[in-house]
>>> print(open('entry13.pdb').read())   # PDB, C-alpha atoms
MODEL        1
ATOM      1  CA  GLY A  18      36.509  97.072  -6.850  1.00  0.00           C
ATOM      2  CA  ALA A  19      39.512  95.981  -8.880  1.00  0.00           C
ATOM      3  CA  GLU A  20      37.631  93.281 -10.796  1.00  0.00           C
ATOM      4  CA  LYS A  21      34.976  95.785 -11.872  1.00  0.00           C
ATOM      5  CA  ALA A  22      37.653  98.256 -12.960  1.00  0.00           C
ATOM      6  CA  LYS A  23      39.350  95.474 -14.965  1.00  0.00           C
ATOM      7  CA  ASP A  24      36.096  94.499 -16.670  1.00  0.00           C
ATOM      8  CA  THR A  25      35.393  98.145 -17.503  1.00  0.00           C
ATOM      9  CA  GLY A  26      38.872  98.479 -19.010  1.00  0.00           C
ATOM     10  CA  ASN A  27      38.341  95.349 -21.095  1.00  0.00           C
ATOM     11  CA  LYS A  28      34.993  96.617 -22.363  1.00  0.00           C
ATOM     12  CA  LEU A  29      36.395 100.009 -23.341  1.00  0.00           C
ATOM     13  CA  PHE A  30      39.305  98.320 -25.100  1.00  0.00           C
ATOM     14  CA  GLN A  31      36.962  96.169 -27.190  1.00  0.00           C
ATOM     15  CA  GLU A  32      35.078  99.337 -28.136  1.00  0.00           C
ATOM     16  CA  GLY A  33      38.301 100.911 -29.401  1.00  0.00           C
ATOM     17  CA  LYS A  34      38.512 103.456 -26.569  1.00  0.00           C
ATOM     18  CA  ILE A  35      42.126 102.635 -25.838  1.00  0.00           C
ATOM     19  CA  GLU A  36      43.056 105.685 -23.751  1.00  0.00           C
ATOM     20  CA  ASP A  37      39.999 105.277 -21.520  1.00  0.00           C
ATOM     21  CA  SER A  38      40.787 101.589 -21.219  1.00  0.00           C
ATOM     22  CA  GLU A  39      44.355 102.329 -20.128  1.00  0.00           C
ATOM     23  CA  ARG A  40      43.084 104.700 -17.429  1.00  0.00           C
ATOM     24  CA  TRP A  41      40.721 102.073 -15.985  1.00  0.00           C
ATOM     25  CA  PHE A  42      43.503  99.491 -15.857  1.00  0.00           C
ATOM     26  CA  SER A  43      45.626 102.090 -14.063  1.00  0.00           C
ATOM     27  CA  LYS A  44      42.805 102.633 -11.549  1.00  0.00           C
ATOM     28  CA  ALA A  45      42.558  98.893 -10.929  1.00  0.00           C
ATOM     29  CA  ILE A  46      46.334  98.645 -10.406  1.00  0.00           C
ATOM     30  CA  TRP A  47      46.214 101.532  -7.934  1.00  0.00           C
ATOM     31  CA  LEU A  48      43.462  99.776  -5.993  1.00  0.00           C
ATOM     32  CA  VAL A  49      45.360  96.497  -5.627  1.00  0.00           C
ATOM     33  CA  GLU A  50      48.868  97.881  -5.145  1.00  0.00           C
ATOM     34  CA  GLU A  51      48.721 101.323  -3.538  1.00  0.00           C
ATOM     35  CA  SER A  52      45.373 102.044  -1.944  1.00  0.00           C
ATOM     36  CA  GLY A  53      45.686  99.426   0.774  1.00  0.00           C
ATOM     37  CA  LYS A  54      41.949  98.802   0.470  1.00  0.00           C
ATOM     38  CA  VAL A  55      42.084  95.637  -1.629  1.00  0.00           C
ATOM     39  CA  ASN A  56      43.970  92.432  -0.910  1.00  0.00           C
ATOM     40  CA  ALA A  57      44.304  90.979  -4.425  1.00  0.00           C
ATOM     41  CA  PRO A  58      46.202  87.825  -5.446  1.00  0.00           C
ATOM     42  CA  ASP A  59      49.357  88.123  -7.521  1.00  0.00           C
ATOM     43  CA  SER A  60      47.582  86.489 -10.444  1.00  0.00           C
ATOM     44  CA  LEU A  61      45.135  89.410 -10.695  1.00  0.00           C
ATOM     45  CA  LYS A  62      47.946  91.958 -10.406  1.00  0.00           C
ATOM     46  CA  ALA A  63      49.833  90.232 -13.233  1.00  0.00           C
ATOM     47  CA  ILE A  64      46.736  90.270 -15.442  1.00  0.00           C
ATOM     48  CA  LEU A  65      46.149  93.979 -14.805  1.00  0.00           C
ATOM     49  CA  HIS A  66      49.719  94.903 -15.725  1.00  0.00           C
ATOM     50  CA  SER A  67      49.609  92.691 -18.817  1.00  0.00           C
ATOM     51  CA  ASN A  68      46.303  94.209 -19.942  1.00  0.00           C
ATOM     52  CA  ARG A  69      47.507  97.765 -19.416  1.00  0.00           C
ATOM     53  CA  ALA A  70      50.651  96.885 -21.370  1.00  0.00           C
ATOM     54  CA  TYR A  71      48.497  95.753 -24.282  1.00  0.00           C
ATOM     55  CA  ALA A  72      46.568  99.035 -24.231  1.00  0.00           C
ATOM     56  CA  ARG A  73      49.844 100.978 -24.145  1.00  0.00           C
ATOM     57  CA  LEU A  74      51.159  99.004 -27.112  1.00  0.00           C
ATOM     58  CA  GLN A  75      48.212 100.269 -29.160  1.00  0.00           C
ATOM     59  CA  LEU A  76      49.144 103.805 -28.102  1.00  0.00           C
ATOM     60  CA  GLU A  77      52.812 103.135 -28.994  1.00  0.00           C
ATOM     61  CA  HIS A  78      53.900 103.894 -25.434  1.00  0.00           C
ATOM     62  CA  TRP A  79      56.719 101.377 -25.785  1.00  0.00           C
ATOM     63  CA  SER A  80      58.676 102.133 -22.611  1.00  0.00           C
ATOM     64  CA  SER A  81      55.721 102.090 -20.215  1.00  0.00           C
ATOM     65  CA  ALA A  82      54.354  98.978 -21.934  1.00  0.00           C
ATOM     66  CA  GLU A  83      57.688  97.228 -21.388  1.00  0.00           C
ATOM     67  CA  GLY A  84      57.607  98.259 -17.718  1.00  0.00           C
ATOM     68  CA  ASP A  85      54.115  96.825 -17.239  1.00  0.00           C
ATOM     69  CA  CYS A  86      55.154  93.535 -18.819  1.00  0.00           C
ATOM     70  CA  SER A  87      58.203  93.330 -16.587  1.00  0.00           C
ATOM     71  CA  GLU A  88      55.980  93.864 -13.522  1.00  0.00           C
ATOM     72  CA  ALA A  89      53.644  91.111 -14.724  1.00  0.00           C
ATOM     73  CA  LEU A  90      56.581  88.753 -15.232  1.00  0.00           C
ATOM     74  CA  LYS A  91      57.881  89.427 -11.714  1.00  0.00           C
ATOM     75  CA  LEU A  92      54.550  88.079 -10.478  1.00  0.00           C
ATOM     76  CA  ASN A  93      54.409  85.217 -13.008  1.00  0.00           C
ATOM     77  CA  SER A  94      57.597  84.513 -14.948  1.00  0.00           C
ATOM     78  CA  LYS A  95      55.788  82.146 -17.333  1.00  0.00           C
ATOM     79  CA  ASN A  96      53.043  84.540 -18.405  1.00  0.00           C
ATOM     80  CA  PRO A  97      53.015  84.040 -22.202  1.00  0.00           C
ATOM     81  CA  LYS A  98      51.051  87.206 -22.959  1.00  0.00           C
ATOM     82  CA  ALA A  99      53.422  89.349 -20.906  1.00  0.00           C
ATOM     83  CA  LEU A 100      56.446  87.805 -22.671  1.00  0.00           C
ATOM     84  CA  TYR A 101      54.929  88.359 -26.116  1.00  0.00           C
ATOM     85  CA  ARG A 102      53.887  91.928 -25.364  1.00  0.00           C
ATOM     86  CA  ARG A 103      57.253  92.826 -23.857  1.00  0.00           C
ATOM     87  CA  ALA A 104      58.907  91.493 -27.016  1.00  0.00           C
ATOM     88  CA  LEU A 105      56.677  93.815 -29.065  1.00  0.00           C
ATOM     89  CA  ALA A 106      57.474  96.743 -26.763  1.00  0.00           C
ATOM     90  CA  ARG A 107      61.212  96.090 -26.987  1.00  0.00           C
ATOM     91  CA  LYS A 108      60.954  95.828 -30.752  1.00  0.00           C
ATOM     92  CA  GLY A 109      59.292  99.252 -30.739  1.00  0.00           C
ATOM     93  CA  LEU A 110      62.249 100.515 -28.674  1.00  0.00           C
ATOM     94  CA  ASN A 111      64.707  98.942 -31.173  1.00  0.00           C
ATOM     95  CA  GLN A 112      65.911  96.604 -28.419  1.00  0.00           C
ATOM     96  CA  PHE A 113      65.944  93.674 -30.819  1.00  0.00           C
ATOM     97  CA  GLN A 114      68.211  91.381 -28.804  1.00  0.00           C
ATOM     98  CA  GLY A 115      66.091  91.704 -25.666  1.00  0.00           C
ATOM     99  CA  ALA A 116      62.942  91.155 -27.702  1.00  0.00           C
ATOM    100  CA  LEU A 117      64.417  88.010 -29.245  1.00  0.00           C
ATOM    101  CA  GLU A 118      65.274  86.646 -25.786  1.00  0.00           C
ATOM    102  CA  ASP A 119      61.643  87.127 -24.737  1.00  0.00           C
ATOM    103  CA  VAL A 120      60.410  85.243 -27.803  1.00  0.00           C
ATOM    104  CA  LYS A 121      62.840  82.380 -27.131  1.00  0.00           C
ATOM    105  CA  HIS A 122      61.438  82.075 -23.597  1.00  0.00           C
ATOM    106  CA  LEU A 123      57.901  82.310 -24.972  1.00  0.00           C
ATOM    107  CA  LEU A 124      57.969  79.605 -27.661  1.00  0.00           C
ATOM    108  CA  PRO A 125      58.316  76.618 -25.281  1.00  0.00           C
ATOM    109  CA  LEU A 126      55.174  77.824 -23.493  1.00  0.00           C
ATOM    110  CA  LEU A 127      53.052  77.671 -26.662  1.00  0.00           C
ATOM    111  CA  ASP A 128      51.686  74.762 -28.632  1.00  0.00           C
ATOM    112  CA  SER A 129      51.974  74.513 -32.393  1.00  0.00           C
ATOM    113  CA  GLN A 130      48.471  75.953 -32.889  1.00  0.00           C
ATOM    114  CA  ASN A 131      49.221  79.222 -31.084  1.00  0.00           C
ATOM    115  CA  ASN A 132      52.827  79.979 -31.993  1.00  0.00           C
ATOM    116  CA  ALA A 133      52.438  81.405 -35.523  1.00  0.00           C
ATOM    117  CA  GLN A 134      52.700  85.047 -34.461  1.00  0.00           C
ATOM    118  CA  ALA A 135      55.597  84.333 -32.108  1.00  0.00           C
ATOM    119  CA  LEU A 136      57.499  82.531 -34.857  1.00  0.00           C
ATOM    120  CA  LYS A 137      56.864  85.391 -37.273  1.00  0.00           C
ATOM    121  CA  LEU A 138      58.121  87.897 -34.699  1.00  0.00           C
ATOM    122  CA  LYS A 139      61.205  85.732 -34.112  1.00  0.00           C
ATOM    123  CA  GLU A 140      62.006  85.777 -37.844  1.00  0.00           C
ATOM    124  CA  GLU A 141      61.608  89.558 -37.979  1.00  0.00           C
ATOM    125  CA  LEU A 142      63.929  90.049 -35.014  1.00  0.00           C
ATOM    126  CA  GLU A 143      66.549  87.662 -36.373  1.00  0.00           C
ATOM    127  CA  SER A 144      66.429  89.553 -39.661  1.00  0.00           C
ATOM    128  CA  LYS A 145      66.994  92.824 -37.794  1.00  0.00           C
ATOM    129  CA  LEU A 146      69.976  91.290 -36.020  1.00  0.00           C
ATOM    130  CA  GLY A 147      71.375  89.694 -39.181  1.00  0.00           C
ATOM    131  CA  ILE A 148      71.007  86.144 -37.857  1.00  0.00           C
ATOM    132  CA  ALA A 149      70.683  83.444 -40.528  1.00  0.00           C
ATOM    133  CA  PRO A 150      67.680  81.111 -40.119  1.00  0.00           C
ATOM    134  CA  LEU A 151      68.323  77.590 -38.888  1.00  0.00           C
ATOM    135  CA  VAL A 152      68.077  74.649 -41.292  1.00  0.00           C
ATOM    136  CA  ASN A 153      67.880  71.157 -39.754  1.00  0.00           C
ATOM    137  CA  GLY A 154      69.157  72.534 -36.487  1.00  0.00           C
ATOM    138  CA  SER A 155      72.281  74.190 -37.850  1.00  0.00           C
ATOM    139  CA  ASP A 156      73.109  77.608 -39.179  1.00  0.00           C
ATOM    140  CA  ASN A 157      72.335  77.992 -42.848  1.00  0.00           C
ATOM    141  CA  GLU A 158      75.877  78.878 -43.767  1.00  0.00           C
ATOM    142  CA  LYS A 159      78.056  77.193 -46.320  1.00  0.00           C
ATOM    143  CA  ALA A 160      81.261  75.662 -45.032  1.00  0.00           C
ATOM    144  CA  PRO A 161      84.384  76.918 -46.749  1.00  0.00           C
ATOM    145  CA  ALA A 162      85.365  74.735 -49.654  1.00  0.00           C
ATOM    146  CA  LYS A 163      88.476  72.656 -49.195  1.00  0.00           C
ATOM    147  CA  ALA A 164      91.286  73.641 -51.472  1.00  0.00           C
ATOM    148  CA  SER A 165      92.167  70.917 -53.958  1.00  0.00           C
ATOM    149  CA  PRO A 166      95.789  69.785 -53.931  1.00  0.00           C
ATOM    150  CA  SER A 167      97.869  71.754 -56.343  1.00  0.00           C
ATOM    151  CA  ARG A 168      99.410  70.004 -59.314  1.00  0.00           C
ATOM    152  CA  PRO A 169     102.702  70.939 -60.887  1.00  0.00           C
ATOM    153  CA  VAL A 170     102.268  73.159 -63.899  1.00  0.00           C
ATOM    154  CA  GLU A 171     103.420  71.456 -67.068  1.00  0.00           C
ATOM    155  CA  PRO A 172     105.645  73.562 -69.276  1.00  0.00           C
ATOM    156  CA  VAL A 173     104.011  74.836 -72.414  1.00  0.00           C
ATOM    157  CA  ALA A 174     105.797  73.815 -75.551  1.00  0.00           C
ATOM    158  CA  THR A 175     106.976  76.717 -77.680  1.00  0.00           C
ATOM    159  CA  PRO A 176     106.489  76.560 -81.448  1.00  0.00           C
ATOM    160  CA  ALA A 177     109.469  75.321 -83.379  1.00  0.00           C
ATOM    161  CA  GLU A 178     109.316  78.177 -85.833  1.00  0.00           C
ATOM    162  CA  PRO A 179     107.958  81.739 -85.678  1.00  0.00           C
ATOM    163  CA  LEU A 180     104.374  82.362 -86.683  1.00  0.00           C
ATOM    164  CA  ARG A 181     103.743  83.636 -90.144  1.00  0.00           C
ATOM    165  CA  PRO A 182     102.702  87.281 -90.440  1.00  0.00           C
ATOM    166  CA  GLU A 183      99.223  86.461 -91.678  1.00  0.00           C
ATOM    167  CA  LEU A 184      98.561  84.425 -88.514  1.00  0.00           C
ATOM    168  CA  GLN A 185      99.611  87.298 -86.252  1.00  0.00           C
ATOM    169  CA  ARG A 186      96.938  89.721 -87.494  1.00  0.00           C
ATOM    170  CA  PRO A 187      94.222  90.525 -84.925  1.00  0.00           C
ATOM    171  CA  SER A 188      90.846  89.064 -85.576  1.00  0.00           C
ATOM    172  CA  SER A 189      88.365  91.330 -87.264  1.00  0.00           C
ATOM    173  CA  ALA A 190      85.586  90.201 -84.920  1.00  0.00           C
ATOM    174  CA  PRO A 191      84.896  92.807 -82.262  1.00  0.00           C
ATOM    175  CA  ALA A 192      85.682  91.880 -78.680  1.00  0.00           C
ATOM    176  CA  GLU A 193      82.764  91.057 -76.441  1.00  0.00           C
ATOM    177  CA  GLN A 194      81.626  94.042 -74.436  1.00  0.00           C
ATOM    178  CA  PRO A 195      80.963  93.624 -70.722  1.00  0.00           C
ATOM    179  CA  PRO A 196      77.330  93.931 -69.777  1.00  0.00           C
ATOM    180  CA  SER A 197      76.218  97.503 -69.196  1.00  0.00           C
ATOM    181  CA  PRO A 198      75.675  98.453 -65.557  1.00  0.00           C
ATOM    182  CA  SER A 199      72.347  99.915 -66.566  1.00  0.00           C
ATOM    183  CA  SER A 200      71.097  96.654 -68.018  1.00  0.00           C
ATOM    184  CA  GLY A 201      68.578  94.656 -65.976  1.00  0.00           C
ATOM    185  CA  SER A 202      70.129  92.423 -63.335  1.00  0.00           C
ATOM    186  CA  SER A 203      68.798  89.192 -61.895  1.00  0.00           C
ATOM    187  CA  LEU A 204      68.082  90.897 -58.601  1.00  0.00           C
ATOM    188  CA  ALA A 205      65.404  93.574 -58.906  1.00  0.00           C
ATOM    189  CA  ARG A 206      65.662  96.474 -56.535  1.00  0.00           C
ATOM    190  CA  PRO A 207      62.679  96.838 -54.186  1.00  0.00           C
ATOM    191  CA  SER A 208      60.480  99.828 -54.710  1.00  0.00           C
ATOM    192  CA  ALA A 209      60.533 102.778 -52.329  1.00  0.00           C
ATOM    193  CA  SER A 210      57.123 101.793 -50.948  1.00  0.00           C
ATOM    194  CA  ALA A 211      58.310  98.236 -50.279  1.00  0.00           C
ATOM    195  CA  ARG A 212      61.384  99.524 -48.441  1.00  0.00           C
ATOM    196  CA  ALA A 213      59.232 101.854 -46.328  1.00  0.00           C
ATOM    197  CA  LEU A 214      56.824  99.040 -45.463  1.00  0.00           C
ATOM    198  CA  ALA A 215      59.675  96.760 -44.410  1.00  0.00           C
ATOM    199  CA  ALA A 216      61.095  99.458 -42.134  1.00  0.00           C
ATOM    200  CA  THR A 217      57.797 100.108 -40.372  1.00  0.00           C
ATOM    201  CA  PRO A 218      57.555  98.302 -37.001  1.00  0.00           C
ATOM    202  CA  SER A 219      54.542  96.051 -36.756  1.00  0.00           C
ATOM    203  CA  ILE A 220      51.908  97.047 -34.204  1.00  0.00           C
ATOM    204  CA  PRO A 221      49.170  94.668 -33.069  1.00  0.00           C
ATOM    205  CA  SER A 222      45.719  95.680 -34.251  1.00  0.00           C
ATOM    206  CA  SER A 223      43.108  97.013 -31.898  1.00  0.00           C
ATOM    207  CA  SER A 224      41.003  93.892 -32.407  1.00  0.00           C
ATOM    208  CA  PRO A 225      42.633  90.837 -30.805  1.00  0.00           C
ATOM    209  CA  LYS A 226      43.467  88.154 -33.373  1.00  0.00           C
ATOM    210  CA  ASN A 227      44.111  85.154 -31.174  1.00  0.00           C
ATOM    211  CA  SER A 228      44.142  84.011 -27.565  1.00  0.00           C
ATOM    212  CA  MET A 229      47.618  85.421 -26.949  1.00  0.00           C
ATOM    213  CA  GLU A 230      46.468  88.959 -27.802  1.00  0.00           C
ATOM    214  CA  MET A 231      43.115  88.893 -26.025  1.00  0.00           C
ATOM    215  CA  LEU A 232      42.622  90.685 -22.758  1.00  0.00           C
ATOM    216  CA  ARG A 233      41.709  88.763 -19.633  1.00  0.00           C
TER     217      ARG A 233
ENDMDL
END
>>> encode(input="entry13.pdb", output="structure tokens")
Amino acid sequence: GAEKAKDTGNKLFQEGKIEDSERWFSKAIWLVEESGKVNAPDSLKAILHSNRAYARLQLEHWSSAEGDCSEALKLNSKNPKALYRRALARKGLNQFQGALEDVKHLLPLLDSQNNAQALKLKEELESKLGIAPLVNGSDNEKAPAKASPSRPVEPVATPAEPLRPELQRPSSAPAEQPPSPSSGSSLARPSASARALAATPSIPSSSPKNSMEMLR
């Protein structure tokens, strides 16, 4: 039945056989949604779609993973795993705004002990979108400085008599040279490997790290 197919998919996933796992979840979904042979509750259907989405994330099948998560959320709109996994799928599709919306809906469903990965993902998405982090509940942006009231410029007194020739000679000290563009600056450029690592989308590992990533 569907429960046995789900358990088989979970077992294969834990063994690292992701493609086989995805096929067994697909079989279970077919049994409960299309075969007409099994009358399964919506909770089981949501779990099957969420689990298959997790397998598809490992395979980098972003679009189909997003679709599975959306199906799971139709059955249970407050499914934290489906929200988190759809955010990852949308990130893989470069749909950063949609992914950020999923994370914002997810965070209120998590306690402080299980929200570390969601918060990290939120920071990554905000960085992609160019959103400044919040400090004390407000945007971390400096307010424009108020212009100080202008004061009347006092006239500069001119010398009573012309300067003597010896005082008009240019100084022998060489003028200060501006710093060379090639000299070291206070901001070091990141290496090519660091830039490549930053551009690489994060993908959850095959081994679940916490309760939000584990299969059910």
>>> closest_residue(input="entry13.pdb", among="A:Ser52, A:Ser81, A:Ser67, A:Gln114", to="Asn27 in chain A", atoms="all atoms listed in the file")
A:Ser67
>>> resolve_selection(input="entry13.pdb", expression="the PyMOL selection byres ((chain A and resi 70-72) around 8)", output="mmCIF file with C-alpha atoms, keeping the file's coordinate frame")
data_model
loop_
_atom_site.group_PDB
_atom_site.id
_atom_site.type_symbol
_atom_site.label_atom_id
_atom_site.label_comp_id
_atom_site.auth_asym_id
_atom_site.auth_seq_id
_atom_site.Cartn_x
_atom_site.Cartn_y
_atom_site.Cartn_z
ATOM 1 C CA PHE A 30 39.305 98.320 -25.100
ATOM 2 C CA ILE A 35 42.126 102.635 -25.838
ATOM 3 C CA GLU A 36 43.056 105.685 -23.751
ATOM 4 C CA SER A 38 40.787 101.589 -21.219
ATOM 5 C CA GLU A 39 44.355 102.329 -20.128
ATOM 6 C CA HIS A 66 49.719 94.903 -15.725
ATOM 7 C CA SER A 67 49.609 92.691 -18.817
ATOM 8 C CA ASN A 68 46.303 94.209 -19.942
ATOM 9 C CA ARG A 69 47.507 97.765 -19.416
ATOM 10 C CA ARG A 73 49.844 100.978 -24.145
ATOM 11 C CA LEU A 74 51.159 99.004 -27.112
ATOM 12 C CA GLN A 75 48.212 100.269 -29.160
ATOM 13 C CA LEU A 76 49.144 103.805 -28.102
ATOM 14 C CA SER A 81 55.721 102.090 -20.215
ATOM 15 C CA ALA A 82 54.354 98.978 -21.934
ATOM 16 C CA GLU A 83 57.688 97.228 -21.388
ATOM 17 C CA GLY A 84 57.607 98.259 -17.718
ATOM 18 C CA ASP A 85 54.115 96.825 -17.239
ATOM 19 C CA CYS A 86 55.154 93.535 -18.819
ATOM 20 C CA ARG A 102 53.887 91.928 -25.364
ATOM 21 C CA GLU A 230 46.468 88.959 -27.802
ATOM 22 C CA LEU A 232 42.622 90.685 -22.758
#
>>> atom_distance(input="entry13.pdb", atom1="CA of Lys98 in chain A", atom2="CA of Ile64 in chain A")
9.2 Å
>>> residues_around(input="entry13.pdb", residues="Ala116 in chain A", least_positions_apart="3", cutoff="7 Å", atoms="all atoms listed in the file", output="VMD selection string")
chain A and resid 104 to 105 107 to 108 112 to 113 119 to 120
>>> atom_distance(input="entry13.pdb", atom1="CA of Ser144 in chain A", atom2="CA of Ala89 in chain A")
28.1 Å
>>> atom_distance(input="entry13.pdb", atom1="CA of Leu138 in chain A", atom2="CA of Tyr101 in chain A")
9.2 Å
>>> residues_near_point(input="entry13.pdb", point="(60.2, 102.8, -30.1)", cutoff="9 Å", atoms="all atoms listed in the file", output="ChimeraX atom specification")
/A:77-80,106-112,218
>>> resolve_selection(input="entry13.pdb", expression="the PyMOL selection byres ((chain A and resi 24) around 10)", output="CSV table (one decimal) with C-alpha atoms, keeping the file's coordinate frame")
chain,number,residue,atom,x,y,z
A,19,ALA,CA,39.5,96.0,-8.9
A,20,GLU,CA,37.6,93.3,-10.8
A,21,LYS,CA,35.0,95.8,-11.9
A,22,ALA,CA,37.7,98.3,-13.0
A,23,LYS,CA,39.4,95.5,-15.0
A,25,THR,CA,35.4,98.1,-17.5
A,26,GLY,CA,38.9,98.5,-19.0
A,27,ASN,CA,38.3,95.3,-21.1
A,28,LYS,CA,35.0,96.6,-22.4
A,29,LEU,CA,36.4,100.0,-23.3
A,30,PHE,CA,39.3,98.3,-25.1
A,38,SER,CA,40.8,101.6,-21.2
A,41,TRP,CA,40.7,102.1,-16.0
A,42,PHE,CA,43.5,99.5,-15.9
A,45,ALA,CA,42.6,98.9,-10.9
A,232,LEU,CA,42.6,90.7,-22.8
A,233,ARG,CA,41.7,88.8,-19.6
